[in-house]
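Printed here is entry_36.cif (mmCIF, C-alpha atoms and all ligand atoms):
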```cif
data_query
loop_
_atom_site.label_atom_id
_atom_site.label_comp_id
_atom_site.auth_asym_id
_atom_site.auth_seq_id
_atom_site.Cartn_x
_atom_site.Cartn_y
_atom_site.Cartn_z
CA ASN X 27 0.00 0.00 0.00
CA GLU X 28 1.71 3.20 -1.20
CA PRO X 29 1.25 6.28 1.01
CA ALA X 30 -0.78 9.18 -0.39
CA VAL X 31 1.45 11.94 -1.77
CA GLY X 32 0.55 15.55 -2.44
CA ILE X 33 0.42 19.10 -1.14
CA HIS X 34 1.20 19.24 2.56
CA ASP X 35 1.28 23.02 2.86
CA LEU X 36 0.71 26.03 0.60
CA SER X 37 1.66 29.67 1.01
CA PHE X 38 1.69 32.60 -1.40
CA ALA X 39 3.24 36.03 -1.64
CA THR X 40 2.63 38.93 -3.95
CA THR X 41 3.99 42.42 -4.53
CA GLU X 42 4.33 45.74 -2.71
CA PHE X 43 2.06 47.63 -5.09
CA VAL X 44 -1.33 47.23 -6.74
CA LEU X 45 -2.94 49.00 -9.70
CA PRO X 46 -6.76 49.10 -9.56
CA HIS X 47 -8.33 48.53 -12.98
CA THR X 48 -10.30 51.75 -12.51
CA VAL X 49 -6.98 53.64 -12.87
CA LEU X 50 -6.08 51.82 -16.07
CA ALA X 51 -9.60 52.29 -17.46
CA GLU X 52 -9.46 56.01 -16.74
CA HIS X 53 -6.09 56.27 -18.52
CA ASN X 54 -7.09 54.42 -21.68
CA GLY X 55 -10.78 55.32 -21.83
CA THR X 56 -12.03 51.75 -21.48
CA ASP X 57 -15.48 51.13 -19.98
CA ILE X 58 -14.69 49.63 -16.57
CA GLY X 59 -17.39 47.01 -17.22
CA LYS X 60 -15.02 45.37 -19.70
CA TYR X 61 -12.41 44.82 -17.00
CA HIS X 62 -14.71 43.99 -14.08
CA HIS X 63 -17.25 41.86 -15.91
CA GLY X 64 -15.77 41.15 -19.38
CA ILE X 65 -12.47 39.72 -18.15
CA GLY X 66 -13.26 39.48 -14.42
CA GLN X 67 -10.33 41.52 -13.10
CA TRP X 68 -10.42 44.22 -10.40
CA SER X 69 -6.77 45.03 -9.76
CA MET X 70 -3.31 43.73 -10.54
CA SER X 71 -0.17 43.31 -8.43
CA VAL X 72 2.76 45.47 -9.52
CA ALA X 73 6.31 44.61 -8.50
CA ALA X 74 8.43 47.29 -6.82
CA ALA X 75 11.82 48.07 -8.38
CA ASP X 76 13.49 45.81 -5.78
CA GLU X 77 11.08 42.87 -6.14
CA ASP X 78 11.24 39.99 -8.60
CA ILE X 79 10.52 36.26 -8.90
CA VAL X 80 13.23 35.50 -6.30
CA THR X 81 11.99 37.88 -3.60
CA MET X 82 8.40 36.72 -4.08
CA GLY X 83 9.44 33.05 -4.21
CA ALA X 84 11.45 33.36 -0.99
CA ALA X 85 8.60 35.26 0.71
CA ALA X 86 6.15 32.51 -0.29
CA ALA X 87 8.43 29.67 0.85
CA ALA X 88 9.72 31.15 4.13
CA PRO X 89 6.50 30.43 6.12
CA LEU X 90 6.64 26.76 5.02
CA VAL X 91 10.19 26.40 6.32
CA ARG X 92 9.26 28.24 9.53
CA ARG X 93 6.34 25.89 10.19
CA HIS X 94 7.87 22.56 9.16
CA GLY X 95 11.63 23.09 9.37
CA SER X 96 13.86 22.19 6.46
CA ASP X 97 14.65 18.55 7.34
CA GLY X 98 13.89 16.25 4.45
CA ILE X 99 13.80 19.02 1.82
CA ARG X 100 16.32 17.62 -0.64
CA THR X 101 14.86 19.15 -3.79
CA ILE X 102 13.66 22.61 -4.82
CA LEU X 103 11.80 22.87 -8.11
CA PHE X 104 11.40 26.49 -9.19
CA ALA X 105 8.87 27.03 -11.98
CA THR X 106 8.77 30.32 -13.86
CA GLU X 107 8.36 31.85 -17.30
CA SER X 108 9.78 35.22 -16.24
CA SER X 109 13.24 33.92 -15.53
CA ILE X 110 16.01 36.31 -14.47
CA ASP X 111 18.95 34.29 -15.77
CA GLN X 112 19.47 31.99 -18.75
CA ALA X 113 21.75 29.64 -16.80
CA LYS X 114 21.40 29.85 -13.03
CA SER X 115 18.20 28.66 -11.37
CA ALA X 116 16.30 31.34 -9.44
CA GLY X 117 15.75 28.60 -6.86
CA ILE X 118 19.42 28.80 -5.79
CA TYR X 119 18.93 32.38 -4.59
CA VAL X 120 15.87 31.23 -2.63
CA HIS X 121 17.82 28.30 -1.22
CA SER X 122 20.45 30.77 -0.03
CA LEU X 123 18.00 33.37 1.35
CA LEU X 124 16.23 30.65 3.36
CA GLY X 125 19.51 29.13 4.61
CA LEU X 126 18.70 25.62 3.39
CA ASP X 127 21.06 22.65 3.59
CA SER X 128 23.72 22.22 0.90
CA ALA X 129 22.52 18.61 0.44
CA THR X 130 19.76 19.86 -1.88
CA ARG X 131 19.19 19.68 -5.65
CA VAL X 132 17.76 22.83 -7.19
CA VAL X 133 16.48 23.27 -10.72
CA GLU X 134 14.31 25.69 -12.70
CA LEU X 135 11.48 24.48 -14.94
CA LYS X 136 9.79 26.28 -17.82
CA GLN X 137 6.78 25.66 -20.02
CA ALA X 138 4.83 28.91 -19.85
CA CYS X 139 2.07 28.80 -17.22
CA TYR X 140 2.17 24.99 -17.05
CA GLY X 141 5.62 24.82 -15.37
CA ALA X 142 4.40 24.54 -11.77
CA THR X 143 2.22 21.55 -12.57
CA ALA X 144 5.17 19.77 -14.17
CA ALA X 145 7.10 20.59 -10.97
CA LEU X 146 4.28 19.25 -8.78
CA GLN X 147 4.08 15.99 -10.75
CA PHE X 148 7.87 15.55 -10.69
CA ALA X 149 7.82 16.24 -6.95
CA VAL X 150 5.16 13.56 -6.43
CA GLY X 151 7.38 11.12 -8.34
CA LEU X 152 10.40 11.95 -6.17
CA VAL X 153 8.41 11.47 -2.97
CA ARG X 154 7.03 8.14 -4.21
CA ARG X 155 10.63 7.02 -4.76
CA ASP X 156 11.62 8.13 -1.26
CA PRO X 157 8.57 8.81 0.96
CA GLY X 158 10.79 10.42 3.63
CA GLN X 159 11.70 13.22 1.25
CA ARG X 160 9.82 16.50 0.94
CA VAL X 161 10.05 18.67 -2.15
CA LEU X 162 9.70 22.44 -2.15
CA VAL X 163 7.89 23.55 -5.31
CA ILE X 164 7.95 27.28 -6.00
CA ALA X 165 5.95 28.91 -8.79
CA SER X 166 6.81 32.57 -9.25
CA ASP X 167 6.08 34.98 -12.09
CA VAL X 168 5.79 38.61 -13.03
CA SER X 169 3.41 38.95 -15.98
CA LYS X 170 4.30 41.80 -18.31
CA TYR X 171 2.71 42.91 -21.59
CA GLU X 172 3.30 46.04 -23.66
CA LEU X 173 1.76 49.27 -22.34
CA ASP X 174 -1.50 50.14 -24.09
CA SER X 175 -1.86 46.63 -25.53
CA PRO X 176 -4.95 44.39 -24.99
CA GLY X 177 -2.86 42.17 -22.72
CA GLU X 178 -1.97 45.04 -20.37
CA ALA X 179 -5.12 44.59 -18.28
CA THR X 180 -4.18 40.95 -17.65
CA GLN X 181 -0.81 41.56 -15.96
CA GLY X 182 -0.07 40.62 -12.36
CA ALA X 183 2.56 38.98 -10.16
CA ALA X 184 2.71 36.40 -7.38
CA ALA X 185 4.52 33.34 -6.08
CA VAL X 186 3.06 30.17 -4.60
CA ALA X 187 5.14 27.73 -2.58
CA LEU X 188 3.98 24.13 -2.14
CA LEU X 189 5.52 21.64 0.25
CA VAL X 190 5.04 18.22 -1.36
CA GLY X 191 5.29 15.11 0.77
CA ALA X 192 3.72 11.83 1.90
CA ASP X 193 0.46 11.85 3.93
CA PRO X 194 -0.27 15.46 2.91
CA ALA X 195 -2.42 17.70 5.09
CA LEU X 196 -4.08 19.55 2.18
CA VAL X 197 -4.42 17.70 -1.13
CA ARG X 198 -3.64 14.11 -2.22
CA VAL X 199 -2.57 14.17 -5.87
CA GLU X 200 -4.26 11.33 -7.77
CA GLU X 201 -3.43 9.33 -10.83
CA PRO X 202 -4.11 9.34 -13.72
CA SER X 203 -3.28 12.63 -15.41
CA GLY X 204 -4.58 13.66 -18.82
CA VAL X 205 -1.95 15.48 -20.87
CA PHE X 206 -1.98 17.41 -24.14
CA THR X 207 0.64 19.16 -26.27
CA ALA X 208 0.19 21.22 -29.46
CA ASP X 209 2.74 23.44 -31.22
CA VAL X 210 0.97 26.83 -31.34
CA MET X 211 2.23 30.44 -31.22
CA ASP X 212 -0.43 31.92 -28.96
CA PHE X 213 1.89 33.50 -26.41
CA TRP X 214 5.69 33.55 -26.27
CA ARG X 215 8.62 35.70 -25.16
CA PRO X 216 11.85 35.60 -27.18
CA ASN X 217 15.02 35.87 -25.08
CA TYR X 218 15.60 39.49 -26.09
CA ARG X 219 12.21 40.72 -24.87
CA GLU X 220 10.93 41.62 -21.40
CA ALA X 221 7.27 41.83 -22.38
CA ALA X 222 5.48 38.78 -23.75
CA LEU X 223 4.06 38.64 -27.26
CA VAL X 224 0.53 37.33 -27.52
CA ASP X 225 -2.18 36.66 -30.03
CA GLY X 226 -5.06 37.15 -27.59
CA GLN X 227 -7.97 35.52 -29.42
CA GLU X 228 -5.73 32.69 -30.69
CA SER X 229 -4.59 32.09 -27.11
CA ILE X 230 -8.17 31.69 -25.89
CA GLY X 231 -8.88 29.16 -28.66
CA ALA X 232 -5.64 27.30 -27.95
CA TYR X 233 -6.52 27.12 -24.23
CA LEU X 234 -9.99 25.69 -24.97
CA LEU X 235 -8.55 23.10 -27.36
CA ALA X 236 -6.08 22.08 -24.67
CA VAL X 237 -8.89 21.74 -22.11
CA GLN X 238 -10.73 19.22 -24.24
CA GLY X 239 -7.51 17.47 -25.29
CA SER X 240 -6.28 16.93 -21.74
CA TRP X 241 -9.78 15.94 -20.52
CA LYS X 242 -10.10 13.41 -23.37
CA ASP X 243 -6.78 11.85 -22.39
CA TYR X 244 -7.78 11.91 -18.70
CA THR X 245 -10.94 9.92 -19.37
CA GLU X 246 -9.08 7.52 -21.68
CA GLN X 247 -6.62 6.90 -18.85
CA GLY X 248 -9.55 5.89 -16.61
CA GLY X 249 -10.09 9.15 -14.69
CA ARG X 250 -13.17 10.24 -12.74
CA THR X 251 -16.37 11.52 -14.31
CA LEU X 252 -17.17 15.24 -14.33
CA ASP X 253 -19.97 14.91 -11.75
CA GLU X 254 -17.62 13.52 -9.11
CA PHE X 255 -15.74 16.81 -8.69
CA ALA X 256 -16.61 19.26 -5.90
CA ALA X 257 -14.82 22.15 -7.65
CA PHE X 258 -12.40 22.94 -10.48
CA CYS X 259 -9.18 24.96 -10.33
CA TYR X 260 -8.26 26.32 -13.76
CA HIS X 261 -5.27 28.36 -14.85
CA GLN X 262 -6.65 31.92 -14.70
CA PRO X 263 -4.87 34.42 -16.99
CA PHE X 264 -8.00 36.45 -16.24
CA THR X 265 -10.77 34.95 -14.15
CA LYS X 266 -13.41 34.90 -16.90
CA MET X 267 -11.12 32.48 -18.77
CA ALA X 268 -11.91 29.84 -16.15
CA TYR X 269 -15.63 30.32 -16.90
CA LYS X 270 -15.02 30.03 -20.66
CA ALA X 271 -12.98 26.87 -20.09
CA HIS X 272 -15.49 25.24 -17.76
CA ARG X 273 -18.45 25.94 -20.03
CA HIS X 274 -16.41 24.49 -22.89
CA LEU X 275 -15.70 21.34 -20.88
CA LEU X 276 -19.35 20.92 -19.86
CA ASN X 277 -20.41 21.27 -23.50
CA TYR X 278 -17.69 18.91 -24.68
CA CYS X 279 -18.94 16.32 -22.18
CA GLY X 280 -22.50 16.82 -23.43
CA HIS X 281 -23.73 18.28 -20.13
CA GLY X 282 -25.23 21.54 -21.31
CA VAL X 283 -24.32 24.64 -19.33
CA ASP X 284 -26.09 25.28 -16.06
CA GLU X 285 -24.78 28.68 -14.85
CA ASP X 286 -25.56 27.90 -11.20
CA ARG X 287 -23.39 24.83 -11.48
CA VAL X 288 -20.61 26.81 -13.18
CA SER X 289 -20.62 29.40 -10.38
CA ARG X 290 -20.65 26.70 -7.72
CA ASP X 291 -17.77 24.82 -9.37
CA LEU X 292 -15.60 27.91 -9.91
CA GLY X 293 -16.77 30.91 -7.86
CA PRO X 294 -14.51 30.58 -4.82
CA THR X 295 -11.43 29.80 -6.95
CA THR X 296 -11.31 33.28 -8.51
CA ALA X 297 -11.13 35.39 -5.32
CA TYR X 298 -7.34 35.87 -5.30
CA ASN X 299 -6.64 35.89 -9.04
CA SER X 300 -9.30 38.56 -9.64
CA VAL X 301 -7.33 41.06 -7.51
CA ILE X 302 -3.77 39.82 -8.17
CA GLY X 303 -3.99 39.38 -11.94
CA ASN X 304 -2.16 36.83 -14.01
CA SER X 305 0.61 35.19 -12.03
CA TYR X 306 1.26 32.79 -14.91
CA THR X 307 2.48 29.48 -13.49
CA ALA X 308 1.33 30.32 -9.94
CA SER X 309 -2.23 31.11 -10.98
CA VAL X 310 -3.79 27.62 -10.83
CA TYR X 311 -2.40 27.18 -7.29
CA LEU X 312 -3.68 30.61 -6.26
CA ALA X 313 -7.05 29.27 -7.40
CA LEU X 314 -6.53 26.31 -5.05
CA ALA X 315 -5.53 28.62 -2.18
CA ALA X 316 -8.69 30.68 -2.66
CA LEU X 317 -10.85 27.54 -2.84
CA LEU X 318 -9.45 26.00 0.34
CA ASP X 319 -9.54 29.33 2.20
CA GLN X 320 -13.22 29.82 1.39
CA ARG X 321 -14.93 26.44 1.30
CA ASP X 322 -15.27 24.34 4.42
CA ASP X 323 -17.07 21.32 2.90
CA LEU X 324 -14.23 19.72 0.94
CA ASP X 325 -13.02 16.93 3.31
CA ASP X 326 -12.27 13.82 1.19
CA ARG X 327 -13.73 15.41 -1.94
CA PRO X 328 -12.00 15.50 -5.34
CA VAL X 329 -11.07 18.77 -7.01
CA GLY X 330 -10.23 18.95 -10.74
CA PHE X 331 -7.10 20.85 -11.81
CA LEU X 332 -6.61 22.17 -15.33
CA SER X 333 -3.17 23.60 -15.90
CA TYR X 334 -2.50 25.33 -19.23
CA GLY X 335 0.75 26.77 -20.54
CA SER X 336 0.82 28.54 -23.89
CA GLY X 337 2.82 27.05 -26.63
CA SER X 338 1.14 24.72 -25.54
CA VAL X 339 0.95 22.03 -22.85
CA ALA X 340 -2.01 21.21 -20.62
CA GLU X 341 -2.68 18.69 -17.89
CA PHE X 342 -5.91 17.66 -16.17
CA PHE X 343 -5.61 15.80 -12.88
CA ALA X 344 -7.56 15.28 -9.68
CA GLY X 345 -6.59 16.01 -6.12
CA THR X 346 -8.59 14.82 -3.13
CA VAL X 347 -8.77 17.29 -0.29
CA ALA X 348 -7.42 15.84 2.98
CA PRO X 349 -9.84 15.61 5.94
CA GLY X 350 -9.15 18.37 8.47
CA TYR X 351 -7.48 20.58 5.84
CA ARG X 352 -8.93 23.70 7.41
CA ASP X 353 -6.60 23.33 10.43
CA HIS X 354 -3.57 23.81 8.16
CA LEU X 355 -4.55 26.86 6.11
CA ARG X 356 -2.97 30.30 6.05
CA THR X 357 -6.11 32.26 5.27
CA THR X 358 -5.25 35.33 7.37
CA ALA X 359 -1.72 35.59 5.96
CA HIS X 360 -3.08 35.22 2.43
CA ARG X 361 -5.63 37.98 2.90
CA ASP X 362 -2.95 40.19 4.51
CA ALA X 363 -0.64 39.67 1.50
CA ILE X 364 -3.39 41.08 -0.70
CA ASP X 365 -4.58 43.83 1.64
CA ARG X 366 -1.12 45.20 2.50
CA ARG X 367 -0.37 46.21 -1.11
CA LYS X 368 -0.18 49.96 -1.69
CA PRO X 369 -2.25 51.36 -4.58
CA VAL X 370 -0.19 53.24 -7.20
CA ASP X 371 -1.35 55.88 -9.64
CA TYR X 372 -0.91 55.53 -13.38
CA VAL X 373 2.34 57.56 -13.50
CA ARG X 374 4.03 55.39 -10.86
CA TYR X 375 2.79 52.19 -12.50
CA ARG X 376 4.14 53.30 -15.86
CA ALA X 377 7.54 54.19 -14.39
CA LEU X 378 7.76 50.74 -12.76
CA HIS X 379 6.67 49.09 -16.00
CA GLU X 380 9.35 50.92 -17.98
CA HIS X 381 12.07 50.41 -15.37
CA SER X 382 14.91 48.12 -16.36
CA PHE X 383 18.48 47.77 -15.16
CA PRO X 384 21.35 49.07 -17.24
CA THR X 385 23.22 46.18 -18.85
CA ASP X 386 26.74 47.64 -18.52
CA GLY X 387 27.83 45.45 -15.61
CA GLY X 388 28.26 48.47 -13.32
CA ASP X 389 27.12 48.90 -9.74
CA HIS X 390 23.40 49.71 -9.75
CA PRO X 391 21.69 49.82 -6.36
CA THR X 392 17.90 49.62 -6.46
CA LEU X 393 15.45 52.03 -4.92
CA ALA X 394 14.51 50.72 -1.46
CA ASP X 395 10.81 50.27 -2.25
CA THR X 396 9.53 47.01 -0.85
CA THR X 397 8.56 46.43 2.77
CA GLY X 398 8.58 42.67 2.15
CA PRO X 399 11.00 40.26 3.85
CA PHE X 400 13.45 40.02 0.92
CA ARG X 401 14.70 42.52 -1.63
CA LEU X 402 16.86 42.78 -4.69
CA ALA X 403 19.39 45.29 -3.38
CA ALA X 404 21.53 45.85 -6.48
CA LEU X 405 22.90 44.65 -9.75
CA ARG X 406 26.69 44.58 -9.43
CA GLY X 407 29.09 43.27 -12.05
CA HIS X 408 26.15 41.56 -13.82
CA LYS X 409 25.27 39.78 -10.53
CA ARG X 410 21.98 40.11 -8.69
CA ILE X 411 22.52 40.97 -5.02
CA TYR X 412 19.67 39.98 -2.70
CA GLU X 413 19.21 40.81 0.97
CA THR X 414 16.92 39.85 3.83
CA ARG X 415 15.31 42.87 5.43
N1 LIG I 501 -18.90 45.56 -20.30
C1 LIG I 501 -18.87 44.23 -20.09
N2 LIG I 501 -18.16 43.37 -20.87
C2 LIG I 501 -17.46 43.89 -21.89
C3 LIG I 501 -17.46 45.28 -22.17
C4 LIG I 501 -18.23 46.13 -21.32
N3 LIG I 501 -18.26 47.44 -21.52
N4 LIG I 501 -16.65 45.47 -23.23
C5 LIG I 501 -16.18 44.27 -23.61
N5 LIG I 501 -16.66 43.31 -22.79
C6 LIG I 501 -16.37 41.88 -22.83
C7 LIG I 501 -16.29 41.28 -24.21
O1 LIG I 501 -17.57 40.93 -24.71
C8 LIG I 501 -15.42 40.07 -23.95
O2 LIG I 501 -16.17 39.05 -23.35
P1 LIG I 501 -16.34 37.62 -24.07
O3 LIG I 501 -14.95 37.11 -24.30
O4 LIG I 501 -17.08 36.83 -23.06
O5 LIG I 501 -17.04 37.89 -25.33
C9 LIG I 501 -14.44 40.55 -22.89
O6 LIG I 501 -15.04 41.72 -22.31
C10 LIG I 501 -13.08 40.95 -23.45
O7 LIG I 501 -13.28 41.78 -24.54
P2 LIG I 501 -12.40 41.64 -25.88
O8 LIG I 501 -12.33 40.22 -26.29
O9 LIG I 501 -12.86 42.65 -26.85
O10 LIG I 501 -11.01 42.11 -25.26
P3 LIG I 501 -9.61 42.33 -25.93
O11 LIG I 501 -9.53 41.70 -27.28
O12 LIG I 501 -9.27 43.76 -25.79
O13 LIG I 501 -8.64 41.54 -24.93
C11 LIG I 501 -7.74 39.45 -24.21
C12 LIG I 501 -8.96 40.36 -24.22
C13 LIG I 501 -7.56 38.83 -25.57
C14 LIG I 501 -7.95 38.38 -23.16
C15 LIG I 501 -6.49 40.30 -23.85
O14 LIG I 501 -6.61 40.80 -22.56
C16 LIG I 501 -5.19 39.53 -23.95
O15 LIG I 501 -4.59 39.43 -25.02
N6 LIG I 501 -4.68 38.97 -22.79
C17 LIG I 501 -3.45 38.21 -22.75
C18 LIG I 501 -3.63 36.82 -23.30
C19 LIG I 501 -4.41 35.91 -22.41
O16 LIG I 501 -4.56 36.12 -21.24
N7 LIG I 501 -4.91 34.81 -23.01
C20 LIG I 501 -5.64 33.80 -22.27
C21 LIG I 501 -5.40 32.40 -22.79
S1 LIG I 501 -3.64 32.09 -22.89
C22 LIG I 501 -3.15 31.64 -21.34
O17 LIG I 501 -3.96 31.30 -20.52
C23 LIG I 501 -1.71 31.68 -21.00
C24 LIG I 501 -1.41 32.94 -20.29
O18 LIG I 501 -1.43 32.99 -19.05
C25 LIG I 501 -1.09 34.14 -21.07
#
```

As structure tokens - that is how I would like this structure written.
Ligand code: CAA
Amino acid sequence: NEPAVGIHDLSFATTEFVLPHTVLAEHNGTDIGKYHHGIGQWSMSVAAADEDIVTMGAAAAAPLVRRHGSDGIRTILFATESSIDQAKSAGIYVHSLLGLDSATRVVELKQACYGATAALQFAVGLVRRDPGQRVLVIASDVSKYELDSPGEATQGAAAVALLVGADPALVRVEEPSGVFTADVMDFWRPNYREAALVDGQESIGAYLLAVQGSWKDYTEQGGRTLDEFAAFCYHQPFTKMAYKAHRHLLNYCGHGVDEDRVSRDLGPTTAYNSVIGNSYTASVYLALAALLDQRDDLDDRPVGFLSYGSGSVAEFFAGTVAPGYRDHLRTTAHRDAIDRRKPVDYVRYRALHEHSFPTDGGDHPTLADTTGPFRLAALRGHKRIYETR
């Protein structure tokens, strides 16, 4: 009898600043109804000049290490699509900031917004091989599109840290998984660009195709039926995308679309993403955080996960919520992470968006902006210098 393996603890962090969509709408003359109701977004997290995927990743993971200690963490899998270095894993900076043991393997994973799910599945495999091991999975991203582009309203930033182990207190990851890959150019970011390129309508179509492809494979692998699930966590580039995806799945399965059912299945999962914005690979696990923090009737019940990464790869899998999960949540800390952000006006947002470090290899200290636990203090000789506050 193999032990259950899955998510033992979950914590997230986001940025110092927040831009309400009302400010963006006022700047570009968009009817606010498009943002609030058309795409389902109310505000987006904006990184300070001294925040990045490392500072957010460390801030998300630190509470896990504080609660559980670091014994048994022999692997860190850092998933991102807004990487800061072409060679060195961002996870090594986090490993250092958290003072973890040198007997650790650290690696960075990338496949657009799907990366964290690959990391979770790899982590489950490692724990099955050695049930005494725990794996720290970190998903951290800053989503950036061109100013005044359609994608601009779907930016955001956050990191989620998952502690994966045997006999998990939150979610038991089940087999099988349904997987799907298609070579499409819906969203990509060449190495020389900071902002992503996207074909918005194509990306929505590609996402929906991936939903049905991964579901088809899931059922062919002998997965559960749709009616067994208590809720569904979708990747949420904007929260209305989850609604589009779920309606598509219900139609594909011949269920017809009952809007009460759709709201019941998804409603609680959008609470954090609707005010944080797209956190790329972290977003599906922010959906899980919001679900667990808000629903108290999930003991022993299966939740469906649909992870999509442009390009594209998707995976559908089930996770059964562990009995007593509510005793292990971080609901207050999660709400504080959202509420503590400081609203910025359009001018400040634009300056932060346009900010980038000189590439001359000189000594470039950053503005001391963040009040978070970790900061990027400088770029010196092409090296990123981090500090704990
Ligand atoms: N009141 C209410 N609703 C309104 C409205 C108003 N005044 N004005 C427009 N709307 C509605 C529209 O009807 C539309 O809803 P439906 O899709 O349900 O018809 C919605 O608001 C959006 O309007 P548009 O389609 O006209 O918006 P757009 O073309 O300007 O941009 C977008 C939308 C394509 C999503 C754009 O924000 C974008 O390119 N975002 C980045 C790409 C993205 O997020 N793609 C998602 C799938 S890819 C993925 O998931 C990976 C990833 O993370 C990037």

Please, which residues in chain X fall within 7 Å of ligand LIG 501 (chain I) when counting all atoms listed in the file, and what is the closest atom pair and distance in Å to one decimal for each, ordered by chain then residue number, as JSON lines?
```
{"residue": "X:Asp57", "atom": "CA", "partner": "I:LIG501", "partner_atom": "N3", "distance": 4.9}
{"residue": "X:Ile58", "atom": "CA", "partner": "I:LIG501", "partner_atom": "N3", "distance": 6.5}
{"residue": "X:Gly59", "atom": "CA", "partner": "I:LIG501", "partner_atom": "N1", "distance": 3.7}
{"residue": "X:Lys60", "atom": "CA", "partner": "I:LIG501", "partner_atom": "C3", "distance": 3.5}
{"residue": "X:Tyr61", "atom": "CA", "partner": "I:LIG501", "partner_atom": "O6", "distance": 6.7}
{"residue": "X:His63", "atom": "CA", "partner": "I:LIG501", "partner_atom": "C1", "distance": 5.1}
{"residue": "X:Gly64", "atom": "CA", "partner": "I:LIG501", "partner_atom": "O6", "distance": 3.1}
{"residue": "X:Ile65", "atom": "CA", "partner": "I:LIG501", "partner_atom": "C9", "distance": 5.2}
{"residue": "X:Cys139", "atom": "CA", "partner": "I:LIG501", "partner_atom": "O18", "distance": 5.8}
{"residue": "X:Pro176", "atom": "CA", "partner": "I:LIG501", "partner_atom": "O12", "distance": 4.4}
{"residue": "X:Gly177", "atom": "CA", "partner": "I:LIG501", "partner_atom": "N6", "distance": 3.7}
{"residue": "X:Glu178", "atom": "CA", "partner": "I:LIG501", "partner_atom": "O14", "distance": 6.7}
{"residue": "X:Ala179", "atom": "CA", "partner": "I:LIG501", "partner_atom": "O14", "distance": 5.9}
{"residue": "X:Thr180", "atom": "CA", "partner": "I:LIG501", "partner_atom": "O14", "distance": 5.5}
{"residue": "X:Asp212", "atom": "CA", "partner": "I:LIG501", "partner_atom": "S1", "distance": 6.9}
{"residue": "X:Phe213", "atom": "CA", "partner": "I:LIG501", "partner_atom": "C25", "distance": 6.1}
{"residue": "X:Val224", "atom": "CA", "partner": "I:LIG501", "partner_atom": "C18", "distance": 5.9}
{"residue": "X:Asp225", "atom": "CA", "partner": "I:LIG501", "partner_atom": "O15", "distance": 6.2}
{"residue": "X:Gly226", "atom": "CA", "partner": "I:LIG501", "partner_atom": "O15", "distance": 3.5}
{"residue": "X:Gln227", "atom": "CA", "partner": "I:LIG501", "partner_atom": "C13", "distance": 5.1}
{"residue": "X:Ser229", "atom": "CA", "partner": "I:LIG501", "partner_atom": "S1", "distance": 4.3}
{"residue": "X:Ile230", "atom": "CA", "partner": "I:LIG501", "partner_atom": "C21", "distance": 4.2}
{"residue": "X:Tyr233", "atom": "CA", "partner": "I:LIG501", "partner_atom": "C21", "distance": 5.6}
{"residue": "X:His261", "atom": "CA", "partner": "I:LIG501", "partner_atom": "O17", "distance": 6.5}
{"residue": "X:Gln262", "atom": "CA", "partner": "I:LIG501", "partner_atom": "O17", "distance": 6.4}
{"residue": "X:Pro263", "atom": "CA", "partner": "I:LIG501", "partner_atom": "O18", "distance": 4.3}
{"residue": "X:Phe264", "atom": "CA", "partner": "I:LIG501", "partner_atom": "O16", "distance": 6.1}
{"residue": "X:Met267", "atom": "CA", "partner": "I:LIG501", "partner_atom": "C20", "distance": 6.6}
{"residue": "X:Asn304", "atom": "CA", "partner": "I:LIG501", "partner_atom": "O18", "distance": 6.4}
{"residue": "X:Tyr306", "atom": "CA", "partner": "I:LIG501", "partner_atom": "O18", "distance": 4.9}
{"residue": "X:Tyr334", "atom": "CA", "partner": "I:LIG501", "partner_atom": "O17", "distance": 6.3}
{"residue": "X:Gly335", "atom": "CA", "partner": "I:LIG501", "partner_atom": "C23", "distance": 5.5}
{"residue": "X:Ser336", "atom": "CA", "partner": "I:LIG501", "partner_atom": "C23", "distance": 5.0}
```

So what do you get for atom CA of X:Gln112 versus atom CA of X:Ser333, distance-wise?
-> 24.3 Å

How would you write as a PDB file with C-alpha atoms, keeping the file's coordinate frame the residues that get within 10 Å of (-9.8, 16.7, 9.2) in the file's frame, counting all atoms listed in the file?
```pdb
ATOM      1  CA  ALA X 195      -2.420  17.700   5.090  1.00  0.00           C
ATOM      2  CA  LEU X 196      -4.080  19.550   2.180  1.00  0.00           C
ATOM      3  CA  LEU X 324     -14.230  19.720   0.940  1.00  0.00           C
ATOM      4  CA  ASP X 325     -13.020  16.930   3.310  1.00  0.00           C
ATOM      5  CA  ASP X 326     -12.270  13.820   1.190  1.00  0.00           C
ATOM      6  CA  VAL X 347      -8.770  17.290  -0.290  1.00  0.00           C
ATOM      7  CA  ALA X 348      -7.420  15.840   2.980  1.00  0.00           C
ATOM      8  CA  PRO X 349      -9.840  15.610   5.940  1.00  0.00           C
ATOM      9  CA  GLY X 350      -9.150  18.370   8.470  1.00  0.00           C
ATOM     10  CA  TYR X 351      -7.480  20.580   5.840  1.00  0.00           C
ATOM     11  CA  ARG X 352      -8.930  23.700   7.410  1.00  0.00           C
ATOM     12  CA  ASP X 353      -6.600  23.330  10.430  1.00  0.00           C
ATOM     13  CA  HIS X 354      -3.570  23.810   8.160  1.00  0.00           C
TER      14      HIS X 354
END
```

Can you list, as a list in words, every protein, DNA or RNA residue that comes within 6 Å of X:Thr81 when you count only C-alpha atoms, leaving out same-chain residues fewer than 3 positions away?
->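 Skipping anything fewer than 3 positions along the chain leaves Glu77, Asp78, Ala84, Phe400 and Arg401 of chain X.
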
Expected file: the selected residues, C-alpha atoms, as a compact mmCIF listing (two decimals), in the frame of the given file:
```txt
# COMPACT_ATOMS: atom_id res chain seq x y z
CA GLU X 77 11.08 42.87 -6.14
CA ASP X 78 11.24 39.99 -8.60
CA ALA X 84 11.45 33.36 -0.99
CA PHE X 400 13.45 40.02 0.92
CA ARG X 401 14.70 42.52 -1.63
```
